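Student: Can you keep this structure in mind? I'll have questions shortly.
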Amino acid sequence: MTPDPRQFQRRRQGLLLALALLLPASLLLGAASGAYYIPPLEIPRVLQQGLEGASVLLNLRFPRVLLAALVGGTLALSGAVLQGLLRTPLAEPGLVGLGLGAAFGAVLWLAFFPLAAWGLPLAAALGVLGVLGLLLRLVGEGEQPGVRLLLMGLLLGSVLSALIGFLQFRVGDPQGRSLTFWTLGSLGGASWELLALTAPLALLSGVLLLGQSRALNALTLGEEEAFHLGISVGALRWRALLLVALGVGAAVGAAGNIAFVGLLVPWLLRALGGADHRFVLPAAWLLGASLTVLADLAARTLFAPAELPVGLLTTLVGGPLFLYLFARGGWRG
Amino acid sequence: MRPWLFVIPVLLSLAAAQPFRVTDATGREVEVRSTERIVSVGGSISEILDKFGLSERIVGRDTGSYIPASLLKKPDVGLFFRLNAEAILAQRPTLVLTVSEAGPPPVLAQLRQAGVSVVLVPDEPTPEGVKKKIRTIGAAVGQPARAEELVRALERDLLALRSKTQVRRGEPLRVLYIYPRDPRNTFVCGEEASGAGLITLAGALNAVKSLPGAGAVRGCVNLTAEAVVAARPEAIVVPFFPDQPFSFENILRLPGVAETPAGRNRRIVAMDVTYISGYGYTAGRAALELHQALYEKTGPVRLNHPAFNP
Amino acid sequence: MANWLLAQNLGFRRGGRWLLQGVSLALEPGFWVLLGPNGAGKSTLLRLLSGEWQPSEGAVRLWGRPIGEYRPGELALQRAFLPQQRSLAFPYTAREVVALGRLPHQKGRPENARDLERIEAALRETRALALAERPYFSLSGGERVRVDLARILAQETPILLLDEPTNHLDPRQQLEVLSLLARRARQGHLVLAALHDLNQAALFADGLLFLREGRLLAQGAPQELLQPALLEAVYGVPFELLEHRGRRLVLPVGEGTPTA
């Protein structure tokens with residue numbers, strides 16, 4: 001009757017291993033294909049001998065693929081942590097206004113310091129933090145916190161996008177980023193500089209967030225019980241929200257909103273391997289990174305030479321799937 | 001003093017007071033009863049009105065009308081595709097001249113209902129289109145003779161251009177037309193787009209006319225960085241907006257640009273937006289200047305509108 | 001011997017109202033049952049004793065040291081707490097829920113053999129071993145209580161605080177839970193549980209505590225405290241005392257009680 005508990009453990013380890021292999025596979029696939037055609041098997045030779053196309057690979061394709069992985073992993077991990085923290089599978093950075101909070105912070109920063117791109121991720125993180133604080137205050141205690149969070153987040157998001165539009169109307173956006181860039185993100189701007197600007201914050205947030213998995217496990221029982229299990233809930237909340245804000249800020253600052261990665265990846269992983277955050281968090285990073293690399297590959301090759309915003313693709317795929325899950329009640333877990 | 005000379009101004013003013021009839025871009029016959037107060041929508045229309053000596057009569061203009069510079073002091077009724085009927089009517093115009101893509105259409109209908117003569121001026125991005133534009137405006141304001149003068153000047157410019165383009169030997173230069181709007185995207189236009197059209201007129205080849213494995217780019221698209229490189233542009237042409245900061249560095253930083261021959265050699269021609277894509281009376285001269293900038297100069301080149309030097 | 005858990009003139013105020021006031025008590029190993037009508041302050045007292053809430057006046061001392069001086073991680077090694085309302089945000093298996101009880105012992109290291117052994121033992125003790133691999137959400141109310149109780153036991157603390165652990169249980173399950181708690185008490189644990197059933201409490205407990213309107217009315221051995229007069233003072237309804245096989249049983253007899 002009782003299945004071996006180690007069997008479940010082995011399944012998780014198997015999943016993690018598969019995901020750890022999927023990421024390099026996606027990176028290779030992403031690095032091997034693009035609008036500038038180079039036969040995949042020729043790539044090592046092109047690079048070695050510095051043939052025509054080497055600069056496309058080195059300066060365009062490679063940083064883009066890596067940025068996609070970094071942004072996707074960060075968003076998926078942030079989504080999973082946010083869900084654990086707010087105790088609802090409905091929390092998604094892009095959906096509850098955090099992405100637009102980041103965009104707002106970034107637009108505001110650029111309006112005042114158009115040339116100081118280095119401050120962008122931090123300004124975006126501050127925007128996220130502001131939205132988070134406001135949301136937590138608005139949602140408060142009460143029935144169905146998940147649904148309330150989603151609803152208020154969506155409303156806040158629409159207000160924020162209007163604010164961004166207003167800001168761009170009034171001050172103009174010296175960098176000319178359109179509202180569309182923020183709402184439907186794109187990795188088209190990838191470069192080593194952007195990667196260097198994004199990676200430290202995103203990776204720092206990621207590594208530190210991975211360390212919160214046990215505390216998040218305890219939090220799944222509720223804040224009181226997490227306290228009874230020895231967790232300093234207030235400190236955990238602050239730490240985790242701050243780290244999520246840093247991660248989301250860095251990711252959105254670099255690529256705009258790539259929605260639904262942070263929602264669907266953790267959901268999928270919980271369905272496959274259970275809800276233990278020690279599994280979900282690292283797996284979310286790996287799967288989010290792989291899926292975003294693949295989604296971006298589609299975004300830049302599907303309609304080549306034109307490019308689709310990758311956020312449009314993820315929303316096209318993720319939105320209906322989420323609606324289906326929500327309607328089915330699958331979001332309850 | 002011959003007394004009959006007094007009759008001339010009287011006759012002239014009578015002629016000016018006469019209603020003019022003009023067929024506009026939609027084929028509609030419009031009666032223009034008075035040209036006292038004109039709202040001009042479209043930078044190329046405004047500059048032609050100025051050439052007719054009518055800039056004093058312009059009581060309102062669209063955001064893109066900044067030539068002559070004195071227009072900047074006149075009320076701005078908005079972007080040409082997002083007009084507001086009330087803002088226009090508030091200027092109590094007798095005549096509204098707009099480019100044919102102006103809108104939204106219901107606003108134009110509202111203006112007509114309010115009794116304003118609305119003339120949609122044809123706006124095809126070709127030399128013939130420019131002539132039609134000049135003549136339509138001339139007819140609408142009762143200055144057909146001035147219009148013919150302008151057309152002749154245009155033809156002289158086009159002739160000078162042709163003498164250059166037909167003498168030149170060798171492959172045409174591959175030129176990428178970038179419309180700068182978002183620093184994360186290289187927004188590129190194919191031949192049919194108005195600004196990019198001037199590239200062909202100037203005797204160069206639009207670099208996205210045919211891309212290896214992908215065919216032609218129609219209209220304007222966000223070109224993926226690798227396709228920018230695959231287009232192998234030898235020069236880049238961008239419009240700039242005189243009221244906004246412009247830097248060549250920002251163009252060089254657009255995805256893919258740095259990896260192209262044009263990017264490596266900093267071969268960028270930035271051109272006043274009305275000059276390059278307005279297709280006004282200066283179109284021939286614009287194409288000639290672009291030709292010279294592309295074939296006779298190196299490095300980054302900035303081309304201002306001859307009638308607008310900020 | 002040092003006092004295990006001590007409350008001195010404990011008071012707790014919220015929204016301008018005293019939920020608890022002037023409560024002093026000293027608890028040592030044994031099975032203590034907290035009784036009183038709804039709203040008497042039972043849950044409040046438990047939360048104060050657990051260190052979760054800070055008293056508005058007075059103090060709680062654990063091993064002689066003010067409980068506020070303990071860090072959450074230290075407290076979690078001393079006392080486990082089973083709240084009345086329990087929820088789970090994500091689909092964990094029963095075993096995973098029980099494993100959470102081991103968190104205070106792990107301090108960041110992965111589960112070791114001892115953890116696994118304690119989890120197994122706790123599941124066995126609450127007869128929940130067969131449920132171990134099932135999703136918590138698929139369990140019935142009674143099954144969930146057994147799993148949650150196993151989590152508290154897996155925490156391996158000398159002190160157990162439980163808020164109405166027998167809610168939603170059928171008589172047999174209630175009996176099982178109470179005997180388990182009594183057994184723990186005999187093994188040297190301090191067990192304090194809020195309950196509603198007076199007779200069950202009298203049957204299993206070493207001592208009773210009666211709360212009414214935030215005040216501690218009486219504390220003592222069950223057979224001494226099961227007096228109709230005291231019970232009427234606590235619950236505001238008359239009680240009849242019955243004797244059966246040398247055991248005292250009480251029955252509330254209000255106006256609506258049908259007569260035989």
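Going through the structure tokens in order, the chains are called A, B, and so on, while each chain numbers its residues from 1 and the ligands are numbered from 1 in the order shown.
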Would you list the contacts of B:Val99 as an NGL selection string, taking every protein, DNA or RNA residue within 6 Å and counting only C-alpha atoms, but skipping same-chain residues closer than 4 positions in sequence?

Tutor: :B and (42 or 120-121)

Student: Would you mind exporting the chosen residues as an mmCIF file, in the first residue's frame, restricted to all heavy atoms?

Tutor:
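Dumped everything to again.cif:
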data_model
loop_
_atom_site.group_PDB
_atom_site.id
_atom_site.type_symbol
_atom_site.label_atom_id
_atom_site.label_comp_id
_atom_site.auth_asym_id
_atom_site.auth_seq_id
_atom_site.Cartn_x
_atom_site.Cartn_y
_atom_site.Cartn_z
ATOM 1 N N GLY B 42 0.465 68.495 -42.000
ATOM 2 C CA GLY B 42 1.462 67.839 -42.835
ATOM 3 C C GLY B 42 2.599 68.801 -43.097
ATOM 4 O O GLY B 42 2.392 69.887 -43.641
ATOM 5 N N LEU B 120 -8.038 66.995 -48.800
ATOM 6 C CA LEU B 120 -7.024 65.977 -48.584
ATOM 7 C C LEU B 120 -6.046 66.032 -49.752
ATOM 8 O O LEU B 120 -6.425 65.768 -50.895
ATOM 9 C CB LEU B 120 -7.675 64.591 -48.501
ATOM 10 C CG LEU B 120 -8.055 64.140 -47.087
ATOM 11 C CD1 LEU B 120 -9.219 64.964 -46.583
ATOM 12 C CD2 LEU B 120 -8.390 62.666 -47.063
ATOM 13 N N VAL B 121 -4.815 66.363 -49.434
ATOM 14 C CA VAL B 121 -3.814 66.567 -50.482
ATOM 15 C C VAL B 121 -3.146 65.230 -50.799
ATOM 16 O O VAL B 121 -2.724 64.528 -49.876
ATOM 17 C CB VAL B 121 -2.762 67.595 -50.007
ATOM 18 C CG1 VAL B 121 -1.699 67.796 -51.075
ATOM 19 C CG2 VAL B 121 -3.438 68.907 -49.653
#

Student: Env of C:Arg17: 12 Å cut, atoms = only C-alpha atoms, seq-sep filter 3 positions within chain, self excluded. Answer as an MDAnalysis selection string.

Tutor: chainID C and resid 11:14 20:21 41 56 213:214

Student: Report the distance between atom CA of B:Ala193 and atom CA of B:Leu158 in Å, rounded to one decimal place.

Tutor: 20.0 Å

Student: Return as an MDAnalysis selection string the full set of residues in stretch 54-165 of chain C whose backbone-based DSSP assignment is helix (DSSP H, G or I).

Tutor: chainID C and resid 67:69 72:78 94:106 113:125 129:131 136:138 141:154

Student: Considering only C-alpha atoms, give me a table of residues in stretch 194-302 of chain B that are at most 8 Å from stretch 130-136 of chain B, with the closest atom pair and distance in Å for each, as a Markdown table.

Tutor:
| residue | atom | partner | partner_atom | distance |
| --- | --- | --- | --- | --- |
| B:Tyr279 | CA | B:Val130 | CA | 5.9 |
| B:Gly280 | CA | B:Val130 | CA | 6.1 |
| B:Tyr281 | CA | B:Val130 | CA | 6.7 |
| B:Ala283 | CA | B:Val130 | CA | 7.5 |

Student: Output as a Markdown table one row per residue of chain A within 6 Å of chain C: the closest atom pair and its distance in Å to one decimal place, counting only C-alpha atoms, sorted by chain and residue number ascending.

Tutor:
| residue | atom | partner | partner_atom | distance |
| --- | --- | --- | --- | --- |
| A:Thr2 | CA | C:Ala130 | CA | 5.9 |
| A:Arg87 | CA | C:Ala89 | CA | 5.3 |
| A:Thr220 | CA | C:Ala89 | CA | 5.1 |
| A:Leu221 | CA | C:Leu88 | CA | 4.8 |
| A:His228 | CA | C:Ala76 | CA | 5.7 |
| A:Leu229 | CA | C:Ala76 | CA | 5.2 |
| A:Gly230 | CA | C:Gly73 | CA | 3.8 |
| A:Ile231 | CA | C:Pro72 | CA | 6.0 |
| A:Ala275 | CA | C:Tyr92 | CA | 5.7 |
| A:Gly333 | CA | C:Pro91 | CA | 5.5 |

Student: Output N, CA and C atoms for every residue in the selection just made, as a PDB file, in the first residue's frame.

Tutor:
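The new file selection39.pdb reads:
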ATOM      1  N   THR A   2       1.778   1.325   0.974  1.00  0.00           N
ATOM      2  CA  THR A   2       2.611   2.520   1.072  1.00  0.00           C
ATOM      3  C   THR A   2       3.697   2.487   0.017  1.00  0.00           C
ATOM      4  N   ARG A  87       1.578  32.603  -0.548  1.00  0.00           N
ATOM      5  CA  ARG A  87       0.790  31.401  -0.353  1.00  0.00           C
ATOM      6  C   ARG A  87      -0.338  31.281  -1.359  1.00  0.00           C
ATOM      7  N   THR A 220       4.260  27.461   3.937  1.00  0.00           N
ATOM      8  CA  THR A 220       3.102  26.896   3.255  1.00  0.00           C
ATOM      9  C   THR A 220       2.010  26.529   4.261  1.00  0.00           C
ATOM     10  N   LEU A 221       2.401  26.369   5.534  1.00  0.00           N
ATOM     11  CA  LEU A 221       1.416  26.073   6.584  1.00  0.00           C
ATOM     12  C   LEU A 221       0.773  27.342   7.119  1.00  0.00           C
ATOM     13  N   HIS A 228       6.045  28.986  14.576  1.00  0.00           N
ATOM     14  CA  HIS A 228       6.164  27.887  15.545  1.00  0.00           C
ATOM     15  C   HIS A 228       7.212  26.868  15.125  1.00  0.00           C
ATOM     16  N   LEU A 229       7.525  26.875  13.825  1.00  0.00           N
ATOM     17  CA  LEU A 229       8.574  25.968  13.358  1.00  0.00           C
ATOM     18  C   LEU A 229       9.935  26.650  13.361  1.00  0.00           C
ATOM     19  N   GLY A 230      10.001  27.828  13.991  1.00  0.00           N
ATOM     20  CA  GLY A 230      11.296  28.457  14.174  1.00  0.00           C
ATOM     21  C   GLY A 230      11.693  29.449  13.105  1.00  0.00           C
ATOM     22  N   ILE A 231      10.753  29.832  12.240  1.00  0.00           N
ATOM     23  CA  ILE A 231      11.078  30.782  11.172  1.00  0.00           C
ATOM     24  C   ILE A 231      10.758  32.204  11.646  1.00  0.00           C
ATOM     25  N   ALA A 275       5.390  19.894  -4.343  1.00  0.00           N
ATOM     26  CA  ALA A 275       5.484  21.316  -4.026  1.00  0.00           C
ATOM     27  C   ALA A 275       6.680  21.687  -3.164  1.00  0.00           C
ATOM     28  N   GLY A 333      -4.257  23.899  -6.612  1.00  0.00           N
ATOM     29  CA  GLY A 333      -3.136  23.024  -6.298  1.00  0.00           C
ATOM     30  C   GLY A 333      -3.529  21.572  -6.437  1.00  0.00           C
TER      31      GLY A 333
END

Student: What gap, in Å, lies between atom CA of B:Lys51 and atom CA of B:Asn309?

Tutor: 16.6 Å

Student: At a cut-off of 8 Å, using only C-alpha atoms, what residues contact B:Phe20? Leave out same-chain residues fewer than 6 positions from it and give the result as JSON, numbers by chain.

Tutor: {"B": [31, 32, 33, 139, 140, 141, 142]}

Student: What is the distance, in Å and to one decimal place, between atom CA of B:Tyr179 and atom CA of B:Pro239?

Tutor: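 We find that atom CA of B:Tyr179 and atom CA of B:Pro239 lie 6.5 Å from each other.
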